[in-house]
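**Q** Pasting my_file-v3.csv here (CSV, C-alpha atoms and all ligand atoms):
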chain,number,residue,atom,x,y,z
A,8,ASP,CA,-12.5,41.0,-20.8
A,9,LEU,CA,-11.1,38.2,-18.8
A,10,ASN,CA,-13.2,36.9,-16.0
A,11,PRO,CA,-10.9,36.5,-13.0
A,12,ASP,CA,-13.0,33.5,-11.9
A,13,GLU,CA,-12.6,31.7,-15.2
A,14,PRO,CA,-9.4,29.6,-15.2
A,15,SER,CA,-7.2,30.4,-18.1
A,16,GLU,CA,-6.8,27.9,-20.9
A,17,ALA,CA,-3.1,27.6,-20.2
A,18,LEU,CA,-3.9,26.6,-16.6
A,19,ARG,CA,-6.4,24.0,-17.7
A,20,GLU,CA,-3.8,22.6,-20.1
A,21,GLU,CA,-1.1,22.4,-17.4
A,22,TYR,CA,-3.6,20.6,-15.2
A,23,ALA,CA,-4.6,18.1,-17.8
A,24,GLU,CA,-1.0,17.4,-18.7
A,25,LEU,CA,0.1,16.9,-15.1
A,26,SER,CA,-2.9,14.6,-14.4
A,27,ASP,CA,-2.2,12.6,-17.6
A,28,ARG,CA,1.4,12.1,-16.6
A,29,VAL,CA,0.4,10.7,-13.2
A,30,ARG,CA,-2.3,8.4,-14.9
A,31,GLU,CA,0.2,7.1,-17.4
A,32,ALA,CA,2.8,6.3,-14.7
A,33,ARG,CA,0.0,4.5,-12.8
A,34,THR,CA,-1.0,2.3,-15.7
A,35,ALA,CA,2.6,1.4,-16.4
A,36,TYR,CA,3.1,0.5,-12.7
A,37,TYR,CA,-0.2,-1.2,-11.8
A,38,VAL,CA,-1.4,-2.8,-15.0
A,39,ASN,CA,1.8,-3.6,-16.9
A,40,ASP,CA,4.1,-4.1,-13.9
A,41,GLN,CA,6.6,-2.1,-16.0
A,42,PRO,CA,7.2,1.3,-14.4
A,43,THR,CA,8.5,4.0,-16.7
A,44,ILE,CA,9.7,6.3,-13.9
A,45,SER,CA,11.2,5.7,-10.4
A,46,ASP,CA,9.0,5.7,-7.3
A,47,ALA,CA,10.7,8.9,-6.2
A,48,GLU,CA,10.0,10.6,-9.6
A,49,TYR,CA,6.4,9.4,-9.3
A,50,ASP,CA,6.0,10.8,-5.8
A,51,GLU,CA,7.4,14.1,-6.9
A,52,LEU,CA,5.0,14.3,-9.9
A,53,TYR,CA,2.1,13.4,-7.6
A,54,ARG,CA,3.1,16.1,-5.1
A,55,LYS,CA,3.2,18.6,-7.9
A,56,LEU,CA,-0.4,17.7,-8.9
A,57,GLU,CA,-1.5,18.0,-5.2
A,58,GLU,CA,0.2,21.4,-5.0
A,59,PHE,CA,-1.4,22.6,-8.3
A,60,GLU,CA,-4.8,21.6,-7.0
A,61,ALA,CA,-4.2,23.3,-3.6
A,62,LEU,CA,-3.5,26.5,-5.6
A,63,ASN,CA,-6.3,26.0,-8.0
A,64,PRO,CA,-9.1,24.3,-6.0
A,65,HIS,CA,-11.8,25.4,-8.6
A,66,LEU,CA,-10.1,23.2,-11.2
A,67,VAL,CA,-10.0,19.9,-9.2
A,68,ALA,CA,-11.7,17.1,-11.1
A,69,ASN,CA,-13.7,14.4,-9.4
A,70,ASP,CA,-11.7,11.8,-11.2
A,71,SER,CA,-8.3,13.4,-10.4
A,72,PRO,CA,-5.7,10.8,-9.4
A,73,THR,CA,-5.6,12.7,-6.0
A,74,GLN,CA,-9.2,11.8,-5.4
A,75,GLU,CA,-9.0,8.1,-6.2
A,76,VAL,CA,-7.2,5.0,-5.0
A,77,GLY,CA,-4.5,4.6,-7.7
A,78,GLY,CA,-4.7,1.4,-9.7
A,79,GLU,CA,-6.7,-0.1,-12.5
A,80,VAL,CA,-8.1,-3.5,-13.3
A,81,SER,CA,-6.5,-5.3,-16.2
A,82,ALA,CA,-8.9,-7.0,-18.7
A,83,ALA,CA,-6.7,-10.1,-18.4
A,84,PHE,CA,-8.3,-11.0,-15.0
A,85,ALA,CA,-11.9,-11.4,-13.9
A,86,PRO,CA,-13.1,-8.4,-11.9
A,87,VAL,CA,-13.8,-8.9,-8.2
A,88,LYS,CA,-15.8,-6.4,-6.1
A,89,HIS,CA,-14.3,-6.1,-2.6
A,90,LEU,CA,-16.9,-6.3,0.2
A,91,GLU,CA,-15.3,-3.2,1.8
A,92,LYS,CA,-13.2,-0.7,-0.1
A,93,MET,CA,-9.4,-0.9,0.0
A,94,TYR,CA,-7.6,2.4,0.5
A,95,SER,CA,-4.3,3.9,-0.2
A,96,LEU,CA,-2.3,5.9,2.4
A,97,GLU,CA,-1.5,9.5,2.9
A,98,ASP,CA,2.2,10.1,2.4
A,99,VAL,CA,4.6,12.4,4.2
A,100,PHE,CA,8.2,12.9,3.1
A,101,SER,CA,10.0,14.3,6.2
A,102,THR,CA,9.9,13.9,9.9
A,103,ASP,CA,8.7,17.6,10.2
A,104,GLU,CA,5.7,16.8,8.0
A,105,LEU,CA,5.1,13.6,10.0
A,106,THR,CA,5.3,15.4,13.3
A,107,ALA,CA,2.8,18.0,12.1
A,108,TRP,CA,0.4,15.2,10.8
A,109,LEU,CA,0.6,13.2,14.1
A,110,THR,CA,0.1,16.4,16.2
A,111,ARG,CA,-2.9,17.3,14.2
A,112,ALA,CA,-4.4,13.8,14.5
A,113,GLU,CA,-3.7,13.8,18.3
A,114,ALA,CA,-5.6,17.1,18.7
A,115,GLN,CA,-8.5,15.8,16.6
A,116,ILE,CA,-8.7,12.7,18.8
A,117,ALA,CA,-8.5,14.7,22.0
A,118,ASN,CA,-11.6,16.5,20.8
A,119,LEU,CA,-13.6,13.3,20.4
A,120,PRO,CA,-16.2,12.6,23.1
A,121,GLY,CA,-14.3,10.8,25.9
A,122,ALA,CA,-11.0,12.1,24.6
A,123,PRO,CA,-9.5,8.7,24.0
A,124,LYS,CA,-5.8,8.2,24.7
A,125,VAL,CA,-3.8,7.8,21.5
A,126,GLN,CA,-1.4,4.9,20.9
A,127,TRP,CA,0.4,4.7,17.6
A,128,LEU,CA,1.0,1.3,16.0
A,129,SER,CA,4.1,1.7,13.9
A,130,GLU,CA,5.2,-0.9,11.3
A,131,VAL,CA,7.3,-1.1,8.2
A,132,LYS,CA,5.8,-0.3,4.8
A,133,ILE,CA,6.3,-3.4,2.8
A,134,ASP,CA,7.3,-2.7,-0.8
A,135,GLY,CA,5.0,-5.3,-2.4
A,136,LEU,CA,1.6,-5.7,-3.9
A,137,ALA,CA,-1.7,-5.2,-1.9
A,138,VAL,CA,-3.9,-8.3,-1.9
A,139,ASN,CA,-7.3,-9.0,-0.4
A,140,LEU,CA,-8.1,-12.4,1.0
A,141,LEU,CA,-11.7,-13.5,1.6
A,142,TYR,CA,-12.3,-16.3,4.1
A,143,ARG,CA,-15.7,-17.8,4.8
A,144,ASN,CA,-16.0,-20.0,7.9
A,145,GLY,CA,-12.2,-20.4,7.8
A,146,ASP,CA,-11.9,-21.3,4.1
A,147,LEU,CA,-10.1,-19.1,1.6
A,148,VAL,CA,-12.7,-18.5,-1.1
A,149,ARG,CA,-11.2,-15.7,-3.1
A,150,ALA,CA,-8.1,-13.5,-3.5
A,151,ALA,CA,-7.9,-10.3,-5.4
A,152,THR,CA,-5.5,-7.4,-6.1
A,153,ARG,CA,-6.5,-3.9,-4.8
A,154,GLY,CA,-7.3,-2.6,-8.3
A,155,ASP,CA,-9.0,0.8,-8.0
A,156,GLY,CA,-9.9,0.1,-4.4
A,157,THR,CA,-13.5,-0.9,-5.2
A,158,THR,CA,-12.9,-3.6,-7.8
A,159,GLY,CA,-9.8,-5.8,-8.0
A,160,GLU,CA,-8.5,-8.6,-10.1
A,161,ASP,CA,-9.3,-12.2,-9.4
A,162,ILE,CA,-6.0,-14.0,-8.5
A,163,THR,CA,-7.4,-16.8,-6.4
A,164,HIS,CA,-5.6,-19.6,-8.3
A,165,ASN,CA,-2.3,-17.7,-8.2
A,166,VAL,CA,-2.6,-17.0,-4.5
A,167,ALA,CA,-3.3,-20.8,-3.9
A,168,THR,CA,0.4,-21.4,-4.8
A,169,ILE,CA,1.8,-19.2,-2.0
A,170,LYS,CA,2.8,-21.3,0.9
A,171,ASP,CA,2.6,-18.5,3.5
A,172,ILE,CA,-1.2,-18.1,2.8
A,173,PRO,CA,-3.3,-20.7,4.5
A,174,GLN,CA,-6.2,-22.2,2.5
A,175,LYS,CA,-7.9,-22.9,5.8
A,176,LEU,CA,-7.6,-20.8,9.0
A,177,THR,CA,-6.9,-22.7,12.3
A,178,GLY,CA,-8.5,-22.2,15.7
A,179,GLU,CA,-11.9,-22.0,17.2
A,180,ASN,CA,-14.6,-19.3,16.8
A,181,LEU,CA,-13.5,-18.5,13.2
A,182,PRO,CA,-15.6,-15.7,11.7
A,183,GLN,CA,-18.3,-16.4,9.2
A,184,GLU,CA,-16.8,-13.9,6.9
A,185,VAL,CA,-13.6,-11.8,6.9
A,186,GLU,CA,-11.6,-9.9,4.4
A,187,ILE,CA,-7.9,-9.8,5.2
A,188,ARG,CA,-5.6,-7.4,3.6
A,189,GLY,CA,-1.8,-7.6,3.2
A,190,GLU,CA,1.2,-7.3,1.0
A,191,VAL,CA,2.6,-10.0,-1.2
A,192,PHE,CA,6.4,-9.6,-1.7
A,193,ILE,CA,9.6,-11.4,-2.6
A,194,SER,CA,12.2,-11.4,0.2
A,195,SER,CA,15.5,-9.8,-0.4
A,196,LYS,CA,17.3,-13.1,-0.3
A,197,ASP,CA,14.9,-14.9,-2.7
A,198,PHE,CA,15.0,-11.9,-5.0
A,199,ARG,CA,18.8,-12.2,-5.4
A,200,THR,CA,18.5,-15.9,-6.1
A,201,LEU,CA,15.6,-15.4,-8.6
A,202,ASN,CA,17.5,-12.8,-10.5
A,203,GLU,CA,20.7,-14.9,-10.6
A,204,HIS,CA,18.7,-17.8,-12.2
A,205,ILE,CA,17.1,-15.4,-14.7
A,206,VAL,CA,20.4,-14.0,-15.7
A,207,GLU,CA,21.9,-17.5,-16.1
A,208,GLU,CA,19.1,-18.3,-18.5
A,209,GLY,CA,20.1,-15.2,-20.5
A,210,ARG,CA,17.0,-13.2,-19.7
A,211,ALA,CA,16.6,-9.7,-18.4
A,212,PRO,CA,16.5,-9.5,-14.6
A,213,PHE,CA,13.7,-7.9,-12.6
A,214,ALA,CA,14.4,-4.2,-11.7
A,215,ASN,CA,13.4,-4.6,-8.1
A,216,PRO,CA,11.6,-7.0,-5.7
A,217,ARG,CA,8.3,-5.1,-6.0
A,218,ASN,CA,8.2,-5.6,-9.8
A,219,ALA,CA,9.2,-9.2,-9.5
A,220,ALA,CA,6.4,-9.8,-6.9
A,221,ALA,CA,3.7,-8.0,-9.0
A,222,GLY,CA,4.8,-9.6,-12.2
A,223,SER,CA,4.9,-13.0,-10.7
A,224,LEU,CA,1.5,-12.8,-9.0
A,225,ARG,CA,-0.4,-11.2,-11.9
A,226,GLN,CA,0.2,-14.1,-14.3
A,227,LYS,CA,-2.4,-15.8,-16.5
A,228,ASP,CA,-0.8,-19.2,-15.7
A,229,PRO,CA,-0.7,-20.0,-12.0
A,230,GLN,CA,2.1,-22.5,-12.7
A,231,VAL,CA,4.4,-19.6,-13.4
A,232,THR,CA,3.4,-18.0,-10.1
A,233,ALA,CA,4.0,-21.3,-8.3
A,234,ARG,CA,7.7,-21.2,-9.4
A,235,ARG,CA,8.2,-17.8,-7.9
A,236,PRO,CA,9.2,-17.3,-4.3
A,237,LEU,CA,6.3,-15.2,-3.1
A,238,SER,CA,5.7,-14.4,0.6
A,239,MET,CA,3.0,-12.4,2.4
A,240,PHE,CA,2.5,-10.4,5.5
A,241,VAL,CA,-1.0,-9.3,6.5
A,242,HIS,CA,-1.7,-5.8,7.8
A,243,GLY,CA,-5.4,-5.1,7.9
A,244,ILE,CA,-9.0,-6.2,8.0
A,245,GLY,CA,-11.8,-5.2,5.7
A,246,ALA,CA,-15.3,-6.6,6.0
A,247,ALA,CA,-15.7,-8.6,9.2
A,248,GLN,CA,-18.7,-10.6,10.4
A,249,GLY,CA,-19.0,-12.5,13.6
A,250,PHE,CA,-16.2,-11.0,15.6
A,251,ASP,CA,-15.0,-7.8,17.2
A,252,LEU,CA,-11.5,-6.4,17.8
A,253,GLU,CA,-10.4,-3.6,20.1
A,254,SER,CA,-7.2,-2.6,18.5
A,255,GLN,CA,-4.9,-3.1,15.5
A,256,SER,CA,-2.4,-4.9,17.6
A,257,GLU,CA,-5.0,-7.2,18.9
A,258,ALA,CA,-6.1,-7.9,15.3
A,259,TYR,CA,-2.5,-9.0,14.5
A,260,ASP,CA,-2.5,-11.4,17.5
A,261,VAL,CA,-5.8,-12.9,16.3
A,262,LEU,CA,-4.7,-13.1,12.7
A,263,LYS,CA,-1.5,-14.8,13.8
A,264,SER,CA,-3.5,-17.3,15.9
A,265,TRP,CA,-5.5,-18.2,12.8
A,266,GLY,CA,-2.2,-19.1,11.0
A,267,LEU,CA,-1.8,-16.0,9.0
A,268,PRO,CA,1.6,-14.5,8.4
A,269,VAL,CA,2.1,-11.3,10.5
A,270,SER,CA,5.1,-9.0,10.2
A,271,PRO,CA,7.6,-9.2,13.0
A,272,TYR,CA,8.3,-5.5,12.6
A,273,SER,CA,5.5,-3.7,14.4
A,274,LYS,CA,5.3,-1.9,17.8
A,275,VAL,CA,2.7,-0.1,19.8
A,276,LEU,CA,4.1,3.4,20.8
A,277,ASP,CA,2.8,6.0,23.3
A,278,SER,CA,4.3,9.2,21.9
A,279,ILE,CA,5.3,11.0,18.7
A,280,ASP,CA,8.9,11.0,20.0
A,281,GLN,CA,8.8,7.2,20.2
A,282,VAL,CA,7.5,7.1,16.6
A,283,LEU,CA,10.4,9.3,15.4
A,284,THR,CA,12.9,6.9,17.2
A,285,PHE,CA,11.2,3.9,15.5
A,286,ILE,CA,11.7,5.6,12.1
A,287,GLU,CA,15.3,6.4,12.8
A,288,GLU,CA,16.1,2.8,13.9
A,289,PHE,CA,14.5,1.2,10.9
A,290,GLY,CA,16.1,3.8,8.6
A,291,THR,CA,19.6,2.5,9.6
A,292,GLN,CA,18.6,-1.2,9.2
A,293,ARG,CA,16.2,-0.9,6.3
A,294,HIS,CA,18.3,-3.0,4.0
A,295,ASP,CA,18.9,-5.7,6.6
A,296,LEU,CA,15.3,-6.7,7.0
A,297,LEU,CA,13.6,-9.7,5.4
A,298,HIS,CA,12.2,-7.6,2.6
A,299,GLU,CA,12.5,-4.2,1.0
A,300,ILE,CA,10.5,-1.4,2.6
A,301,ASP,CA,9.7,2.0,1.2
A,302,GLY,CA,8.8,3.6,4.5
A,303,ILE,CA,7.0,3.3,7.8
A,304,VAL,CA,3.2,3.2,8.4
A,305,ILE,CA,1.8,4.7,11.5
A,306,LYS,CA,-1.7,3.8,12.5
A,307,VAL,CA,-4.1,4.8,15.4
A,308,ASN,CA,-4.1,1.5,17.4
A,309,ASP,CA,-7.6,1.8,18.8
A,310,ARG,CA,-10.2,0.4,16.3
A,311,ARG,CA,-13.1,2.5,17.6
A,312,THR,CA,-11.0,5.6,17.2
A,313,GLN,CA,-10.1,4.5,13.7
A,314,PHE,CA,-13.8,4.0,12.9
A,315,ARG,CA,-14.7,7.5,14.3
A,316,LEU,CA,-12.0,9.2,12.2
A,317,GLY,CA,-13.1,7.4,9.0
A,318,TYR,CA,-11.8,7.8,5.5
A,319,THR,CA,-11.5,10.3,2.6
A,320,SER,CA,-12.3,8.9,-0.9
A,321,ARG,CA,-8.7,7.8,-1.1
A,322,VAL,CA,-7.1,7.3,2.3
A,323,PRO,CA,-7.9,6.5,6.0
A,324,ARG,CA,-7.7,9.5,8.3
A,325,TRP,CA,-6.2,7.3,11.0
A,326,ALA,CA,-3.0,6.3,9.3
A,327,VAL,CA,-0.1,7.9,7.5
A,328,ALA,CA,2.9,6.6,5.6
A,329,TYR,CA,6.3,8.1,6.2
A,330,LYS,CA,8.5,7.6,3.1
A,331,TYR,CA,12.3,7.5,3.5
A,332,PRO,CA,14.3,9.8,1.2
A,333,PRO,CA,15.0,8.2,-2.2
A,334,GLU,CA,18.2,6.3,-2.8
A,335,GLU,CA,20.4,6.6,-5.9
A,336,VAL,CA,20.2,2.9,-6.6
A,337,ASN,CA,16.5,2.9,-7.5
A,338,THR,CA,16.8,5.2,-10.4
A,339,LYS,CA,19.9,3.5,-11.8
A,340,LEU,CA,18.2,0.1,-11.6
A,341,LEU,CA,15.3,1.3,-13.7
A,342,ASP,CA,17.6,1.6,-16.7
A,343,ILE,CA,17.6,-2.2,-16.9
A,344,ARG,CA,14.7,-3.4,-19.0
A,345,VAL,CA,12.1,-4.8,-16.7
A,346,ASN,CA,11.2,-8.4,-17.0
A,347,VAL,CA,7.6,-9.5,-16.7
B,1,LIG,P1,1.2,3.7,-1.1
B,1,LIG,O1,2.0,2.6,-1.7
B,1,LIG,O2,1.9,4.9,-0.7
B,1,LIG,O3,0.4,3.2,0.2
B,1,LIG,C1,-0.7,2.3,0.2
B,1,LIG,C2,-0.4,0.9,0.2
B,1,LIG,O4,0.7,0.5,1.1
B,1,LIG,C3,-1.5,0.0,0.7
B,1,LIG,O5,-2.4,-0.3,-0.4
B,1,LIG,C4,-0.9,-1.2,1.3
B,1,LIG,O6,-1.1,-2.3,0.5
B,1,LIG,C5,0.6,-0.8,1.3
B,1,LIG,N1,1.2,-1.2,2.6
B,1,LIG,C6,2.5,-1.7,2.7
B,1,LIG,N2,2.8,-2.0,4.0
B,1,LIG,C7,1.7,-1.6,4.7
B,1,LIG,C8,1.4,-1.7,6.1
B,1,LIG,N3,2.3,-2.1,7.0
B,1,LIG,N4,0.2,-1.2,6.5
B,1,LIG,C9,-0.7,-0.7,5.6
B,1,LIG,N5,-0.5,-0.7,4.3
B,1,LIG,C10,0.7,-1.1,3.8
B,1,LIG,O7,0.1,4.2,-2.0
B,1,LIG,P2,-0.3,3.6,-3.4
B,1,LIG,O8,-1.5,4.4,-3.8
B,1,LIG,O9,-0.5,2.1,-3.3
B,1,LIG,O10,0.8,3.8,-4.4
B,1,LIG,C11,1.6,4.9,-4.5
B,1,LIG,C12,3.0,4.5,-4.4
B,1,LIG,O11,3.3,3.5,-5.4
B,1,LIG,C13,3.9,5.7,-4.8
B,1,LIG,O12,4.3,6.4,-3.7
B,1,LIG,C14,5.1,4.9,-5.5
B,1,LIG,O13,6.0,4.5,-4.5
B,1,LIG,C15,4.4,3.8,-6.1
B,1,LIG,N6,4.0,4.0,-7.5
B,1,LIG,C16,5.0,4.2,-8.4
B,1,LIG,C17,4.8,4.4,-9.7
B,1,LIG,C18,5.9,4.6,-10.7
B,1,LIG,O14,5.6,5.0,-11.8
B,1,LIG,N7,7.1,4.3,-10.3
B,1,LIG,C19,3.4,4.6,-10.2
B,1,LIG,C20,2.4,4.5,-9.2
B,1,LIG,C21,2.7,4.2,-7.9
Can you dump the structure from the file as structure tokens?
**A**
Amino acid sequence: DLNPDEPSEALREEYAELSDRVREARTAYYVNDQPTISDAEYDELYRKLEEFEALNPHLVANDSPTQEVGGEVSAAFAPVKHLEKMYSLEDVFSTDELTAWLTRAEAQIANLPGAPKVQWLSEVKIDGLAVNLLYRNGDLVRAATRGDGTTGEDITHNVATIKDIPQKLTGENLPQEVEIRGEVFISSKDFRTLNEHIVEEGRAPFANPRNAAAGSLRQKDPQVTARRPLSMFVHGIGAAQGFDLESQSEAYDVLKSWGLPVSPYSKVLDSIDQVLTFIEEFGTQRHDLLHEIDGIVIKVNDRRTQFRLGYTSRVPRWAVAYKYPPEEVNTKLLDIRVNV
């Protein structure tokens, strides 16, 4: 007789297949910089896996893509252990879902001792490649990709060719040690010029700026990287020794004063309504910004509250990414062979 607690073979197979499809897409995207499906298709597949796991909690594997920061380390680069883990972000795909997420977070924060007031730092989600910069006494000593969140790829020499990224921080009272996280990207304008040149040379153009940025940065030869128009905006801090910050917005002011590139598109907001307006405004001008975005990131501004909410194995509990609905153009562009 069938034991009702024993998952059926068919269910196990369905689960393995779904997990494998997500893993394969991730390898194509993170390791080869050659996605095989569009971001919207990936998001849908990932959602399916999450829904399957919610319905079949007894099947959830510890190494499921939903339990880990997505990304692998290519053998082409030396591995680098981050001092503090780099995380992904929880995604929501509608304003209803976002409102529910923010309302839940506000209720949770109201229950913390002292019931701190919530302010939401809203900023654009840069469609680029996550990078970790390690500065010691103001000197850039190492740069790495996110990798699996714990271990990334050493891209120090490639990062040295990016003009936006200072080799030395400026100012007084520089920290002994600080990890700065941000996004390397190619601006929309530079992307058009780059692809025009590539087509003139008779080669296949890049499918989108994100691929172009990832392919350009993850090169064995830094001289190739040097010829690509890479930019960066920083949006977070990892390990930090020798200084303290009250809020995310204060962190941006400090990073800027050290000479680091900080996004012009962020705002501290006092209510969920203001967050929704921010999303609507950037939705209408998303293609007129300096770079492509794939959504909006909303973070608890207060650092102490961030610390108290903490992290899951994959994402912070104090931030969420709202993804704009997919646009036709992305899937069409993917038909073009991707250049690396
Ligand atoms: P994510 O891209 O949804 O969010 C996490 C990342 O956002 C962080 O690592 C950070 O570097 C970046 N980010 C950009 N702007 C930021 C800001 N202002 N503040 C904080 N972080 C910011 O999650 P993920 O795990 O990196 O990747 C999943 C996403 O990558 C998918 O939703 C999809 O879009 C894409 N993807 C696509 C494929 C594919 O096959 N097409 C495969 C894997 C992943």
**Q** Give me, please, the distance in Å between CA of Leu96 (chain A) and CA of Pro236 (chain A), quoted to one decimal.
**A**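 One can read the CA of Leu96 (chain A) to CA of Pro236 (chain A) distance as 26.7 Å.
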**Q** Quick one: which region 97-196 of chain A residues come within 12 Å of region 54-61 of chain A, and what is the nearest atom pair for each with the distance in Å to one decimal, counting all atoms listed in the file, rows ordered by chain and ascending number, as a Markdown table?
**A**
| residue | atom | partner | partner_atom | distance |
| --- | --- | --- | --- | --- |
| A:Glu97 | CA | A:Arg54 | CA | 11.3 |
| A:Asp98 | CA | A:Arg54 | CA | 9.6 |
| A:Val99 | CA | A:Arg54 | CA | 10.1 |
| A:Phe100 | CA | A:Arg54 | CA | 10.2 |
**Q** Go through the chains and note each residue within 8 Å of ligand LIG 1 (chain B), using all atoms listed in the file, then give the set as a VMD selection string.
**A** chain A and resid 29 32 to 37 42 to 50 76 to 78 93 to 98 130 to 138 153 188 to 190 241 to 243 300 to 301 303 to 305 328
**Q** One decimal, Å: what's the distance from CA of Val307 (chain A) over to CA of Trp325 (chain A), could you say?
**A** 5.5 Å
**Q** List the neighbours of Gln115 (chain A) out to 12 Å using all atoms listed in the file; skip same-chain residues closer than 5 positions along the sequence, and give me the result as a CSV table (one decimal) with C-alpha atoms, in the coordinates of the input.
**A**
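Saved to selection.csv:
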chain,number,residue,atom,x,y,z
A,108,TRP,CA,0.4,15.2,10.8
A,109,LEU,CA,0.6,13.2,14.1
A,110,THR,CA,0.1,16.4,16.2
A,120,PRO,CA,-16.2,12.6,23.1
A,122,ALA,CA,-11.0,12.1,24.6
A,123,PRO,CA,-9.5,8.7,24.0
A,124,LYS,CA,-5.8,8.2,24.7
A,125,VAL,CA,-3.8,7.8,21.5
A,307,VAL,CA,-4.1,4.8,15.4
A,312,THR,CA,-11.0,5.6,17.2
A,313,GLN,CA,-10.1,4.5,13.7
A,315,ARG,CA,-14.7,7.5,14.3
A,316,LEU,CA,-12.0,9.2,12.2
A,324,ARG,CA,-7.7,9.5,8.3
A,325,TRP,CA,-6.2,7.3,11.0
**Q** Go ahead and compute the interatomic distance for CA of Ala247 (chain A) and CA of Pro86 (chain A), in Å to one decimal.
**A** 21.3 Å
**Q** Do a neighbour search on region 266-274 of chain A at 7 Å with only C-alpha atoms, toss out local chain neighbours closer than 3 positions, and write the hits as a VMD selection string.
**A** chain A and resid 128 to 131 171 to 173 176 to 177 239 to 241 259 262 to 263
**Q** Any idea what's packed within 7 Å of Ile244 (chain A), counting only C-alpha atoms, ignoring anything in its chain fewer than 2 positions away? Could you give it as number ranges by chain?
**A** A: 186-188, 246
**Q** Nearest residue to Ile279 (chain A) out of A:Thr168, A:Ser238, A:Asn118, A:Thr106, using all atoms listed in the file?
**A**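 Closest candidate: A:Thr106.
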**Q** May I have the residues within 8 Å of Thr157 (chain A) as an mmCIF file with C-alpha atoms, keeping the file's coordinate frame, using all atoms listed in the file and disregarding those fewer than 3 positions away in the same chain?
**A**
data_model
loop_
_atom_site.group_PDB
_atom_site.id
_atom_site.type_symbol
_atom_site.label_atom_id
_atom_site.label_comp_id
_atom_site.auth_asym_id
_atom_site.auth_seq_id
_atom_site.Cartn_x
_atom_site.Cartn_y
_atom_site.Cartn_z
ATOM 1 C CA LYS A 88 -15.800 -6.400 -6.100
ATOM 2 C CA HIS A 89 -14.300 -6.100 -2.600
ATOM 3 C CA GLU A 91 -15.300 -3.200 1.800
ATOM 4 C CA LYS A 92 -13.200 -0.700 -0.100
ATOM 5 C CA MET A 93 -9.400 -0.900 0.000
ATOM 6 C CA ARG A 153 -6.500 -3.900 -4.800
ATOM 7 C CA GLY A 154 -7.300 -2.600 -8.300
#
**Q** Smallest atom-to-atom distance to Lys170 (chain A): which of A:Ala211, A:Leu52, A:Leu105, A:Leu237, using only C-alpha atoms?
**A** A:Leu237
**Q** For a cutoff of 9 Å around the file-coordinate point (0.3, -0.2, 19.4), which residues qualify once you count all atoms listed in the file? I'd like the result as an MDAnalysis selection string.
**A** chainID A and resid 126:129 254:257 273:277 306:309
**Q** Would you list the residues near (14.5, -13.8, -15.9), meaning any protein, DNA or RNA residue with an atom at most 10 Å from that point in file coordinates, counting only C-alpha atoms, as a count of residues only?
**A** 17
**Q** Counting all atoms listed in the file, which residue out of A:Gln226, A:Ser71, A:Gln41, A:Asn218 sits closest to Glu160 (chain A)?
**A**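 Ranking A:Gln226, A:Ser71, A:Gln41, A:Asn218 by distance to Glu160 (chain A), first place goes to A:Gln226.
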